[in-house]
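So this one's coords_22.pdb, PDB, C-alpha atoms:
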```pdb
ATOM      1  CA  MET A  41     228.447 286.429  95.087
ATOM      2  CA  LEU A  42     230.895 289.224  94.352
ATOM      3  CA  ALA A  43     228.032 291.643  93.814
ATOM      4  CA  LEU A  44     226.449 290.580  97.093
ATOM      5  CA  ALA A  45     229.745 291.116  98.931
ATOM      6  CA  VAL A  46     230.035 294.604  97.441
ATOM      7  CA  ILE A  47     226.478 295.433  98.511
ATOM      8  CA  ILE A  48     227.139 294.229 102.049
ATOM      9  CA  THR A  49     230.376 296.245 102.224
ATOM     10  CA  LEU A  50     228.689 299.396 100.943
ATOM     11  CA  SER A  51     225.790 298.896 103.359
ATOM     12  CA  ALA A  52     228.140 298.508 106.335
ATOM     13  CA  SER A  53     230.066 301.607 105.242
ATOM     14  CA  ALA A  54     226.846 303.618 104.986
ATOM     15  CA  VAL A  55     225.801 302.529 108.476
ATOM     16  CA  ALA A  56     229.183 303.563 109.897
ATOM     17  CA  GLN A  57     228.996 306.944 108.151
ATOM     18  CA  SER A  58     225.548 307.679 109.618
ATOM     19  CA  TYR A  59     226.540 306.457 113.094
ATOM     20  CA  PRO A  60     225.390 307.489 115.605
ATOM     21  CA  ALA A  61     221.818 308.148 114.549
ATOM     22  CA  LYS A  62     220.306 307.743 118.030
ATOM     23  CA  PRO A  63     221.403 307.853 121.702
ATOM     24  CA  ILE A  64     224.122 305.438 122.851
ATOM     25  CA  THR A  65     223.928 303.416 126.067
ATOM     26  CA  LEU A  66     227.080 302.976 128.147
ATOM     27  CA  VAL A  67     226.758 300.136 130.653
ATOM     28  CA  VAL A  68     228.676 300.623 133.914
ATOM     29  CA  GLY A  69     228.936 297.610 136.209
ATOM     30  CA  PHE A  70     228.961 299.694 139.390
ATOM     31  CA  PRO A  71     226.405 301.879 141.202
ATOM     32  CA  THR A  72     226.156 305.635 140.791
ATOM     33  CA  GLY A  73     228.609 307.723 142.782
ATOM     34  CA  GLY A  74     231.620 305.398 142.535
ATOM     35  CA  GLY A  75     234.850 305.669 140.570
ATOM     36  CA  ALA A  76     233.601 304.036 137.387
ATOM     37  CA  ASP A  77     230.413 306.085 137.339
ATOM     38  CA  THR A  78     232.352 309.316 137.861
ATOM     39  CA  VAL A  79     234.779 308.631 135.025
ATOM     40  CA  ALA A  80     231.945 307.559 132.727
ATOM     41  CA  ARG A  81     229.949 310.740 133.280
ATOM     42  CA  ILE A  82     232.919 313.071 132.872
ATOM     43  CA  VAL A  83     234.098 311.528 129.598
ATOM     44  CA  THR A  84     230.699 310.880 128.015
ATOM     45  CA  ASN A  85     229.558 314.424 128.694
ATOM     46  CA  LYS A  86     232.183 315.582 126.188
ATOM     47  CA  MET A  87     231.935 312.558 123.872
ATOM     48  CA  SER A  88     228.214 313.079 123.392
ATOM     49  CA  ARG A  89     228.886 316.570 122.059
ATOM     50  CA  VAL A  90     231.618 315.248 119.761
ATOM     51  CA  LEU A  91     229.347 312.526 118.369
ATOM     52  CA  GLY A  92     226.204 314.637 118.258
ATOM     53  CA  GLN A  93     224.148 312.144 120.248
ATOM     54  CA  ALA A  94     223.424 311.617 123.945
ATOM     55  CA  ILE A  95     225.305 308.879 125.774
ATOM     56  CA  VAL A  96     223.108 307.444 128.520
ATOM     57  CA  ILE A  97     224.757 305.799 131.541
ATOM     58  CA  ASP A  98     223.120 302.500 132.515
ATOM     59  CA  ASN A  99     224.378 301.386 135.941
ATOM     60  CA  ARG A 100     224.200 297.581 136.302
ATOM     61  CA  PRO A 101     226.020 296.687 139.535
ATOM     62  CA  GLY A 102     226.436 293.206 140.927
ATOM     63  CA  ALA A 103     228.334 289.922 140.583
ATOM     64  CA  GLY A 104     231.694 291.667 140.292
ATOM     65  CA  THR A 105     230.522 293.719 137.250
ATOM     66  CA  THR A 106     229.625 290.567 135.281
ATOM     67  CA  ILE A 107     225.926 291.463 135.098
ATOM     68  CA  GLY A 108     226.720 294.520 132.996
ATOM     69  CA  SER A 109     229.385 292.703 131.010
ATOM     70  CA  VAL A 110     226.998 289.892 130.050
ATOM     71  CA  LEU A 111     224.446 292.448 128.867
ATOM     72  CA  VAL A 112     226.966 294.076 126.507
ATOM     73  CA  ALA A 113     228.526 290.802 125.355
ATOM     74  CA  HIS A 114     225.116 289.739 124.033
ATOM     75  CA  ALA A 115     224.057 293.132 122.683
ATOM     76  CA  ALA A 116     223.687 293.894 118.991
ATOM     77  CA  PRO A 117     227.112 294.950 117.612
ATOM     78  CA  ASP A 118     225.798 298.232 116.240
ATOM     79  CA  GLY A 119     227.621 300.665 118.521
ATOM     80  CA  TYR A 120     224.568 301.617 120.554
ATOM     81  CA  THR A 121     225.369 299.441 123.589
ATOM     82  CA  LEU A 122     228.872 299.863 125.002
ATOM     83  CA  LEU A 123     230.700 298.896 128.189
ATOM     84  CA  LEU A 124     232.969 300.687 130.609
ATOM     85  CA  GLY A 125     235.312 297.819 131.451
ATOM     86  CA  SER A 126     238.678 296.859 132.865
ATOM     87  CA  SER A 127     241.125 293.969 133.081
ATOM     88  CA  ASN A 128     238.726 291.551 134.788
ATOM     89  CA  LEU A 129     237.039 290.901 131.427
ATOM     90  CA  TYR A 130     240.057 288.875 130.323
ATOM     91  CA  GLY A 131     240.122 285.860 132.583
ATOM     92  CA  SER A 132     239.435 286.666 136.220
ATOM     93  CA  ASP A 133     235.666 286.885 135.611
ATOM     94  CA  GLN A 134     235.700 283.388 134.127
ATOM     95  CA  ILE A 135     237.623 282.017 137.110
ATOM     96  CA  LEU A 136     235.362 283.538 139.750
ATOM     97  CA  TYR A 137     231.970 283.453 138.056
ATOM     98  CA  ARG A 138     231.478 280.083 136.383
ATOM     99  CA  ASN A 139     228.164 281.070 134.832
ATOM    100  CA  VAL A 140     229.495 283.985 132.790
ATOM    101  CA  THR A 141     228.660 283.536 129.130
ATOM    102  CA  TYR A 142     231.466 285.554 127.625
ATOM    103  CA  ASP A 143     235.142 285.266 126.843
ATOM    104  CA  GLY A 144     236.893 288.620 127.015
ATOM    105  CA  ALA A 145     239.083 288.023 123.970
ATOM    106  CA  LYS A 146     236.167 286.775 121.858
ATOM    107  CA  SER A 147     233.170 288.667 123.215
ATOM    108  CA  PHE A 148     234.379 292.275 123.223
ATOM    109  CA  VAL A 149     236.009 294.832 120.953
ATOM    110  CA  PRO A 150     238.442 297.025 122.947
ATOM    111  CA  ILE A 151     238.091 300.652 121.809
ATOM    112  CA  SER A 152     240.237 302.862 124.057
ATOM    113  CA  ARG A 153     241.595 303.245 127.548
ATOM    114  CA  TRP A 154     240.022 306.261 129.260
ATOM    115  CA  SER A 155     241.674 306.730 132.644
ATOM    116  CA  SER A 156     244.264 305.458 135.071
ATOM    117  CA  ALA A 157     244.683 306.071 138.786
ATOM    118  CA  PRO A 158     246.222 304.644 141.922
ATOM    119  CA  MET A 159     243.844 303.487 144.607
ATOM    120  CA  LEU A 160     243.739 304.983 148.081
ATOM    121  CA  LEU A 161     244.031 303.161 151.390
ATOM    122  CA  ALA A 162     241.297 304.734 153.519
ATOM    123  CA  VAL A 163     240.246 304.078 157.106
ATOM    124  CA  ASN A 164     237.358 305.110 159.301
ATOM    125  CA  LYS A 165     237.956 308.544 160.823
ATOM    126  CA  ASP A 166     238.005 307.053 164.342
ATOM    127  CA  PHE A 167     240.354 304.176 163.540
ATOM    128  CA  PRO A 168     243.202 304.273 166.110
ATOM    129  CA  ALA A 169     246.041 304.124 163.547
ATOM    130  CA  ASN A 170     247.172 307.514 162.264
ATOM    131  CA  THR A 171     249.603 306.162 159.663
ATOM    132  CA  ALA A 172     249.782 303.139 157.386
ATOM    133  CA  GLN A 173     252.720 301.867 159.440
ATOM    134  CA  GLU A 174     250.579 301.987 162.578
ATOM    135  CA  LEU A 175     247.784 300.144 160.738
ATOM    136  CA  ILE A 176     250.198 297.364 159.775
ATOM    137  CA  ALA A 177     251.497 297.150 163.348
ATOM    138  CA  PHE A 178     247.914 296.961 164.664
ATOM    139  CA  ALA A 179     247.081 294.167 162.209
ATOM    140  CA  ARG A 180     250.174 292.192 163.210
ATOM    141  CA  GLN A 181     249.341 292.500 166.887
ATOM    142  CA  SER A 182     245.693 291.517 166.305
ATOM    143  CA  PRO A 183     245.652 289.078 163.374
ATOM    144  CA  GLY A 184     242.265 288.678 161.721
ATOM    145  CA  LYS A 185     240.703 291.584 163.655
ATOM    146  CA  LEU A 186     240.737 294.020 160.743
ATOM    147  CA  SER A 187     238.067 293.913 158.057
ATOM    148  CA  TYR A 188     238.234 295.610 154.685
ATOM    149  CA  ALA A 189     235.538 296.515 152.191
ATOM    150  CA  SER A 190     235.818 296.127 148.418
ATOM    151  CA  SER A 191     233.636 296.819 145.402
ATOM    152  CA  GLY A 192     233.307 293.090 144.656
ATOM    153  CA  ILE A 193     235.126 289.769 144.698
ATOM    154  CA  GLY A 194     238.024 289.681 142.259
ATOM    155  CA  VAL A 195     237.868 293.315 141.177
ATOM    156  CA  ALA A 196     240.829 295.684 141.491
ATOM    157  CA  THR A 197     239.986 296.990 144.965
ATOM    158  CA  HIS A 198     239.814 293.415 146.273
ATOM    159  CA  LEU A 199     243.096 292.400 144.638
ATOM    160  CA  ALA A 200     244.785 295.567 145.922
ATOM    161  CA  ALA A 201     243.892 294.634 149.502
ATOM    162  CA  LEU A 202     244.941 290.998 149.048
ATOM    163  CA  SER A 203     248.295 292.033 147.606
ATOM    164  CA  PHE A 204     248.791 294.567 150.398
ATOM    165  CA  ALA A 205     248.066 291.984 153.093
ATOM    166  CA  ARG A 206     250.511 289.533 151.561
ATOM    167  CA  ALA A 207     253.259 292.139 151.067
ATOM    168  CA  ALA A 208     252.793 293.536 154.585
ATOM    169  CA  GLY A 209     252.531 290.112 156.234
ATOM    170  CA  ILE A 210     249.091 290.658 157.767
ATOM    171  CA  SER A 211     245.659 289.009 157.571
ATOM    172  CA  MET A 212     242.310 290.797 157.166
ATOM    173  CA  LEU A 213     238.672 289.800 156.691
ATOM    174  CA  HIS A 214     237.122 290.632 153.297
ATOM    175  CA  VAL A 215     233.649 292.205 153.117
ATOM    176  CA  PRO A 216     232.572 292.634 149.457
ATOM    177  CA  PHE A 217     229.968 295.135 148.250
ATOM    178  CA  LYS A 218     228.364 295.894 144.877
ATOM    179  CA  GLY A 219     230.463 299.000 144.249
ATOM    180  CA  GLY A 220     232.927 301.521 145.596
ATOM    181  CA  ALA A 221     230.331 303.910 147.016
ATOM    182  CA  PRO A 222     228.593 301.363 149.310
ATOM    183  CA  ALA A 223     231.968 299.892 150.296
ATOM    184  CA  LEU A 224     233.254 303.299 151.433
ATOM    185  CA  LEU A 225     229.968 304.072 153.180
ATOM    186  CA  ALA A 226     230.519 300.931 155.253
ATOM    187  CA  VAL A 227     233.969 302.199 156.235
ATOM    188  CA  ALA A 228     232.641 305.675 157.026
ATOM    189  CA  SER A 229     229.920 304.196 159.258
ATOM    190  CA  GLY A 230     232.427 302.025 161.111
ATOM    191  CA  ASP A 231     230.973 298.691 159.997
ATOM    192  CA  VAL A 232     234.320 297.954 158.296
ATOM    193  CA  GLN A 233     237.660 299.435 159.304
ATOM    194  CA  LEU A 234     239.311 300.115 155.943
ATOM    195  CA  ALA A 235     239.154 299.852 152.178
ATOM    196  CA  PHE A 236     241.232 300.283 149.082
ATOM    197  CA  GLY A 237     239.086 302.534 146.912
ATOM    198  CA  THR A 238     239.246 304.468 143.683
ATOM    199  CA  PRO A 239     239.837 308.209 144.185
ATOM    200  CA  PRO A 240     236.330 309.316 143.085
ATOM    201  CA  SER A 241     234.843 307.021 145.730
ATOM    202  CA  VAL A 242     237.247 307.965 148.515
ATOM    203  CA  LEU A 243     237.926 311.677 148.063
ATOM    204  CA  PRO A 244     234.454 313.143 148.744
ATOM    205  CA  MET A 245     234.208 311.259 152.047
ATOM    206  CA  ALA A 246     237.788 312.087 152.984
ATOM    207  CA  GLN A 247     237.229 315.761 152.226
ATOM    208  CA  GLY A 248     234.043 315.594 154.295
ATOM    209  CA  GLY A 249     235.968 314.249 157.274
ATOM    210  CA  LYS A 250     234.341 310.800 157.238
ATOM    211  CA  LEU A 251     237.476 308.931 156.114
ATOM    212  CA  ARG A 252     241.220 309.326 156.471
ATOM    213  CA  VAL A 253     243.611 308.398 153.648
ATOM    214  CA  LEU A 254     246.833 306.722 154.794
ATOM    215  CA  ALA A 255     248.556 305.766 151.525
ATOM    216  CA  VAL A 256     248.315 305.468 147.762
ATOM    217  CA  THR A 257     248.731 302.088 146.090
ATOM    218  CA  SER A 258     251.529 303.197 143.767
ATOM    219  CA  GLU A 259     255.075 302.366 144.783
ATOM    220  CA  ALA A 260     256.097 306.019 145.026
ATOM    221  CA  ARG A 261     254.007 309.085 145.799
ATOM    222  CA  SER A 262     251.601 309.877 142.988
ATOM    223  CA  PRO A 263     251.746 313.272 141.243
ATOM    224  CA  MET A 264     247.965 313.280 141.709
ATOM    225  CA  PHE A 265     248.395 313.014 145.500
ATOM    226  CA  PRO A 266     251.823 314.424 146.384
ATOM    227  CA  ASP A 267     251.025 314.692 150.106
ATOM    228  CA  ILE A 268     250.119 311.012 150.536
ATOM    229  CA  PRO A 269     252.895 308.422 150.992
ATOM    230  CA  GLY A 270     253.401 305.591 148.531
ATOM    231  CA  MET A 271     253.875 301.949 149.442
ATOM    232  CA  ALA A 272     257.676 301.908 149.405
ATOM    233  CA  GLU A 273     257.681 304.848 151.800
ATOM    234  CA  ILE A 274     255.534 303.001 154.346
ATOM    235  CA  GLY A 275     257.743 299.930 154.149
ATOM    236  CA  VAL A 276     255.664 297.726 151.835
ATOM    237  CA  LYS A 277     258.220 296.781 149.202
ATOM    238  CA  GLY A 278     257.497 295.566 145.688
ATOM    239  CA  TYR A 279     253.877 296.728 145.764
ATOM    240  CA  ASP A 280     252.430 298.838 142.953
ATOM    241  CA  GLN A 281     248.746 298.762 142.031
ATOM    242  CA  THR A 282     246.872 301.077 139.682
ATOM    243  CA  PHE A 283     243.369 300.917 138.252
ATOM    244  CA  TRP A 284     242.069 301.790 134.818
ATOM    245  CA  PHE A 285     238.833 302.095 132.891
ATOM    246  CA  GLY A 286     238.345 301.655 129.164
ATOM    247  CA  LEU A 287     235.641 301.590 126.513
ATOM    248  CA  PHE A 288     234.522 298.281 124.978
ATOM    249  CA  GLY A 289     231.904 297.186 122.465
ATOM    250  CA  PRO A 290     230.410 293.761 121.739
ATOM    251  CA  ALA A 291     232.170 291.377 119.349
ATOM    252  CA  GLY A 292     231.321 292.061 115.739
ATOM    253  CA  LEU A 293     231.327 295.826 116.174
ATOM    254  CA  PRO A 294     232.289 297.230 112.752
ATOM    255  CA  THR A 295     235.804 298.626 112.664
ATOM    256  CA  ASP A 296     234.576 301.932 111.210
ATOM    257  CA  ILE A 297     232.267 302.435 114.197
ATOM    258  CA  ALA A 298     234.959 301.370 116.662
ATOM    259  CA  GLN A 299     237.333 303.862 115.035
ATOM    260  CA  LYS A 300     234.738 306.637 115.278
ATOM    261  CA  LEU A 301     234.313 305.891 118.986
ATOM    262  CA  PHE A 302     238.081 305.770 119.443
ATOM    263  CA  ASP A 303     238.486 309.155 117.759
ATOM    264  CA  ALA A 304     235.721 310.661 119.891
ATOM    265  CA  SER A 305     237.375 309.238 123.019
ATOM    266  CA  VAL A 306     240.708 310.841 122.120
ATOM    267  CA  ILE A 307     239.076 314.207 121.435
ATOM    268  CA  ALA A 308     237.214 314.056 124.754
ATOM    269  CA  LEU A 309     240.284 313.001 126.754
ATOM    270  CA  ASP A 310     242.441 315.697 125.117
ATOM    271  CA  ASP A 311     240.001 318.377 126.283
ATOM    272  CA  PRO A 312     241.596 320.428 129.122
ATOM    273  CA  GLN A 313     238.278 320.663 130.976
ATOM    274  CA  VAL A 314     237.811 316.892 130.874
ATOM    275  CA  GLN A 315     241.387 316.385 132.058
ATOM    276  CA  ALA A 316     240.851 318.868 134.899
ATOM    277  CA  LYS A 317     237.625 317.173 136.012
ATOM    278  CA  LEU A 318     239.267 313.754 135.910
ATOM    279  CA  ALA A 319     242.261 315.082 137.860
ATOM    280  CA  LYS A 320     239.948 316.582 140.480
ATOM    281  CA  SER A 321     238.455 313.114 140.935
ATOM    282  CA  GLY A 322     241.942 311.602 141.217
ATOM    283  CA  ASN A 323     242.120 310.140 137.701
ATOM    284  CA  GLU A 324     244.522 310.797 134.852
ATOM    285  CA  ALA A 325     243.237 310.940 131.273
ATOM    286  CA  LYS A 326     244.991 308.086 129.442
ATOM    287  CA  PRO A 327     243.746 307.627 125.865
ATOM    288  CA  SER A 328     245.213 304.736 123.897
ATOM    289  CA  ALA A 329     247.409 305.189 120.839
ATOM    290  CA  SER A 330     245.155 303.113 118.572
ATOM    291  CA  LEU A 331     242.524 300.389 118.571
ATOM    292  CA  ALA A 332     245.243 297.755 118.135
ATOM    293  CA  GLU A 333     247.408 299.170 120.906
ATOM    294  CA  PHE A 334     244.521 299.171 123.385
ATOM    295  CA  ARG A 335     243.556 295.609 122.513
ATOM    296  CA  GLU A 336     247.094 294.337 123.091
ATOM    297  CA  TRP A 337     247.501 296.363 126.293
ATOM    298  CA  ALA A 338     244.097 295.413 127.751
ATOM    299  CA  MET A 339     244.698 291.711 127.136
ATOM    300  CA  ALA A 340     248.113 291.930 128.813
ATOM    301  CA  GLU A 341     246.527 293.655 131.810
ATOM    302  CA  GLY A 342     243.910 290.916 131.861
ATOM    303  CA  ARG A 343     246.571 288.217 132.001
ATOM    304  CA  LYS A 344     248.148 289.980 134.997
ATOM    305  CA  ALA A 345     244.794 290.187 136.788
ATOM    306  CA  LYS A 346     244.116 286.499 136.112
ATOM    307  CA  GLU A 347     247.547 285.536 137.436
ATOM    308  CA  SER A 348     246.897 287.584 140.569
ATOM    309  CA  ILE A 349     243.577 285.811 141.158
ATOM    310  CA  LEU A 350     245.266 282.409 140.825
ATOM    311  CA  ARG A 351     248.272 283.419 142.922
ATOM    312  CA  HIS A 352     246.093 284.612 145.788
ATOM    313  CA  GLY A 353     243.716 281.667 145.542
ATOM    314  CA  VAL A 354     240.679 283.946 145.306
ATOM    315  CA  THR A 355     237.353 282.144 145.270
ATOM    316  CA  MET A 356     233.703 283.107 145.627
ATOM    317  CA  GLU A 357     233.439 283.495 149.399
TER
END
```

So, in terms of structure tokens, how does the structure I just supplied come out?
Amino acid sequence: MLALAVIITLSASAVAQSYPAKPITLVVGFPTGGGADTVARIVTNKMSRVLGQAIVIDNRPGAGTTIGSVLVAHAAPDGYTLLLGSSNLYGSDQILYRNVTYDGAKSFVPISRWSSAPMLLAVNKDFPANTAQELIAFARQSPGKLSYASSGIGVATHLAALSFARAAGISMLHVPFKGGAPALLAVASGDVQLAFGTPPSVLPMAQGGKLRVLAVTSEARSPMFPDIPGMAEIGVKGYDQTFWFGLFGPAGLPTDIAQKLFDASVIALDDPQVQAKLAKSGNEAKPSASLAEFREWAMAEGRKAKESILRHGVTME
């Protein structure tokens, strides 16, 4: 038995040393063109050069990102199928989607945080309010008349809007989409009045004159967007929402492979060109300190997201 254990250990070590020997697939639970897709393509472009193998983005939108998460949770733990994930893996998915077949703490290996950013409160270019304060006043005068788009039920953009409505004392109608890009397109076309979106989703349309940005979701002004007021400045007290993306593998992923992916993530995120591209899209490069640190941090973020879902009474609408 001892000899067999040694053989297995040596075999696993050899596999880790030769990894990666073929292209890697990174599953993204949102469509192309949104915040997650943008971050994934910026970081993997550098990571693929570090690892010496292509990293192929596989967009699997739908069901609040759970379609992509299920795919990775049941993938072979060999490092060739990975997930761009966030806090919803750790509880809120299980509350909202009763048919999910994974448990965040048991089904995934957290590898590293990649990015962090505030969200942006954006409105249609023809919306009558010119400031966030005017938007709140409009909503109070016409309760239930405003509708907001999100990238899915229970995801960060949905929770950001729910928390905003509660903190501002207003009510709005939720219109969920399969990702940030289609949600913002609905706002730009006037089908929905506003949305809380990730910077990569919002900025191109805002710069093109199709949307107007009224506030960031951080409490104070963000260094990334110094000209846009924060929530405290517009009179919404105690509100602070940021969004992050991180790299995950399926449970059973060998530690040596996870460490190799962690190291490649850090190298990519330390690259000035990667940082500049992320900053241009409104994201800050935020690599984790270690595998253990990211696991502890991601699970804590997951608990907060789950508590928010329960506090707001979010259900499948």

### Query
When the PyMOL selection byres ((chain A and resi 218) around 6) is applied to the file above, which residues end up in the set, as a PyMOL selection string?
chain A and resi 101-102+191-192+217+219

What are the centre and the three edge lengths of an axis-aligned box that wraps all atoms of stretch 339-343 of chain A in the file, given that 4 Å is added to every side, written as JSON and rounded to one decimal in Å?
```
{"center_x": 246.0, "center_y": 290.9, "center_z": 129.6, "size_x": 12.2, "size_y": 13.4, "size_z": 12.9}
```

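Between atom CA of A:Gly131 and atom CA of A:His214 the separation is 21.5 Å.
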
### Query
Closest to A:Leu124 among A:Thr65, A:Ser258, A:Gln173, A:Asn85, using all atoms listed in the file?
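Among A:Thr65, A:Ser258, A:Gln173, A:Asn85, it is A:Thr65 that comes nearest to A:Leu124.
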
### Task
Run the PyMOL selection byres ((chain A and resi 266-278) around 12) mentally over the shown coordinates, then write out the matched residues as an MDAnalysis selection string, using the chain letters and numbers from the document.
chainID A and resid 158:162 171:177 200 203:210 252:265 279:282 322

### Query
Residues at most 10 Å from A:His114, counting only C-alpha atoms, excluding those fewer than 5 positions away in the same chain, as number ranges by chain?
A: 109, 121, 141-142, 147-148, 290-291

### Message
I'd like the contact shell of stretch 332-344 of chain A - 9 Å cut-off, only C-alpha atoms, skipping same-chain residues fewer than 4 positions apart - returned as a PyMOL selection string.
### Response
chain A and resi 126-132+144-145+149-153+286+327-328+348-349

### Selection dump of the PyMOL selection byres ((chain A and resi 240-246) around 9), as a ChimeraX atom specification
/A:73-79,159-162,165,220-221,223-225,228,236-239,247-253,318,320-323

### A:Tyr188, A:Ala308, A:Phe302, A:Val227 ranked by distance to A:Arg89, top pick (using only C-alpha atoms)
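Ranked by minimum distance to A:Arg89, first place goes to A:Ala308.
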
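Between atom CA of A:Gly119 and atom CA of A:Gln299 the separation is 10.8 Å.
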
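Distance check against A:Lys185 using all atoms listed in the file: of A:Ala201, A:Val163, A:Leu213, A:Ala345, the minimum falls on A:Leu213.
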
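Among A:Tyr137, A:Trp154, A:Phe288, A:Tyr120, the residue with the shortest atom-to-atom distance to A:Thr355, counting only C-alpha atoms, is A:Tyr137.
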
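Computed from the coordinates, the atom CA of A:Asp133 to atom CA of A:Asp296 distance equals 28.7 Å.
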
#### Entry: Who sits within 10 Å of A:Leu91, all atoms listed in the file, same chain under 4 positions skipped, as an NGL selection string
:A and (59-61 or 63-64 or 84 or 86-87 or 95 or 300-301 or 303-305)

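Of the listed residues A:Leu202, A:Ala56, A:Ala319, A:Val140, the one whose atoms come nearest to A:Asp118 is A:Ala56, with distances taken using all atoms listed in the file.
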
### Task
Compare A:Ala103, A:Ala189, A:Thr295, A:Gly108 by their minimum atom-to-atom distance to A:Ser330, counting only C-alpha atoms, and give me the closest one.
A:Thr295
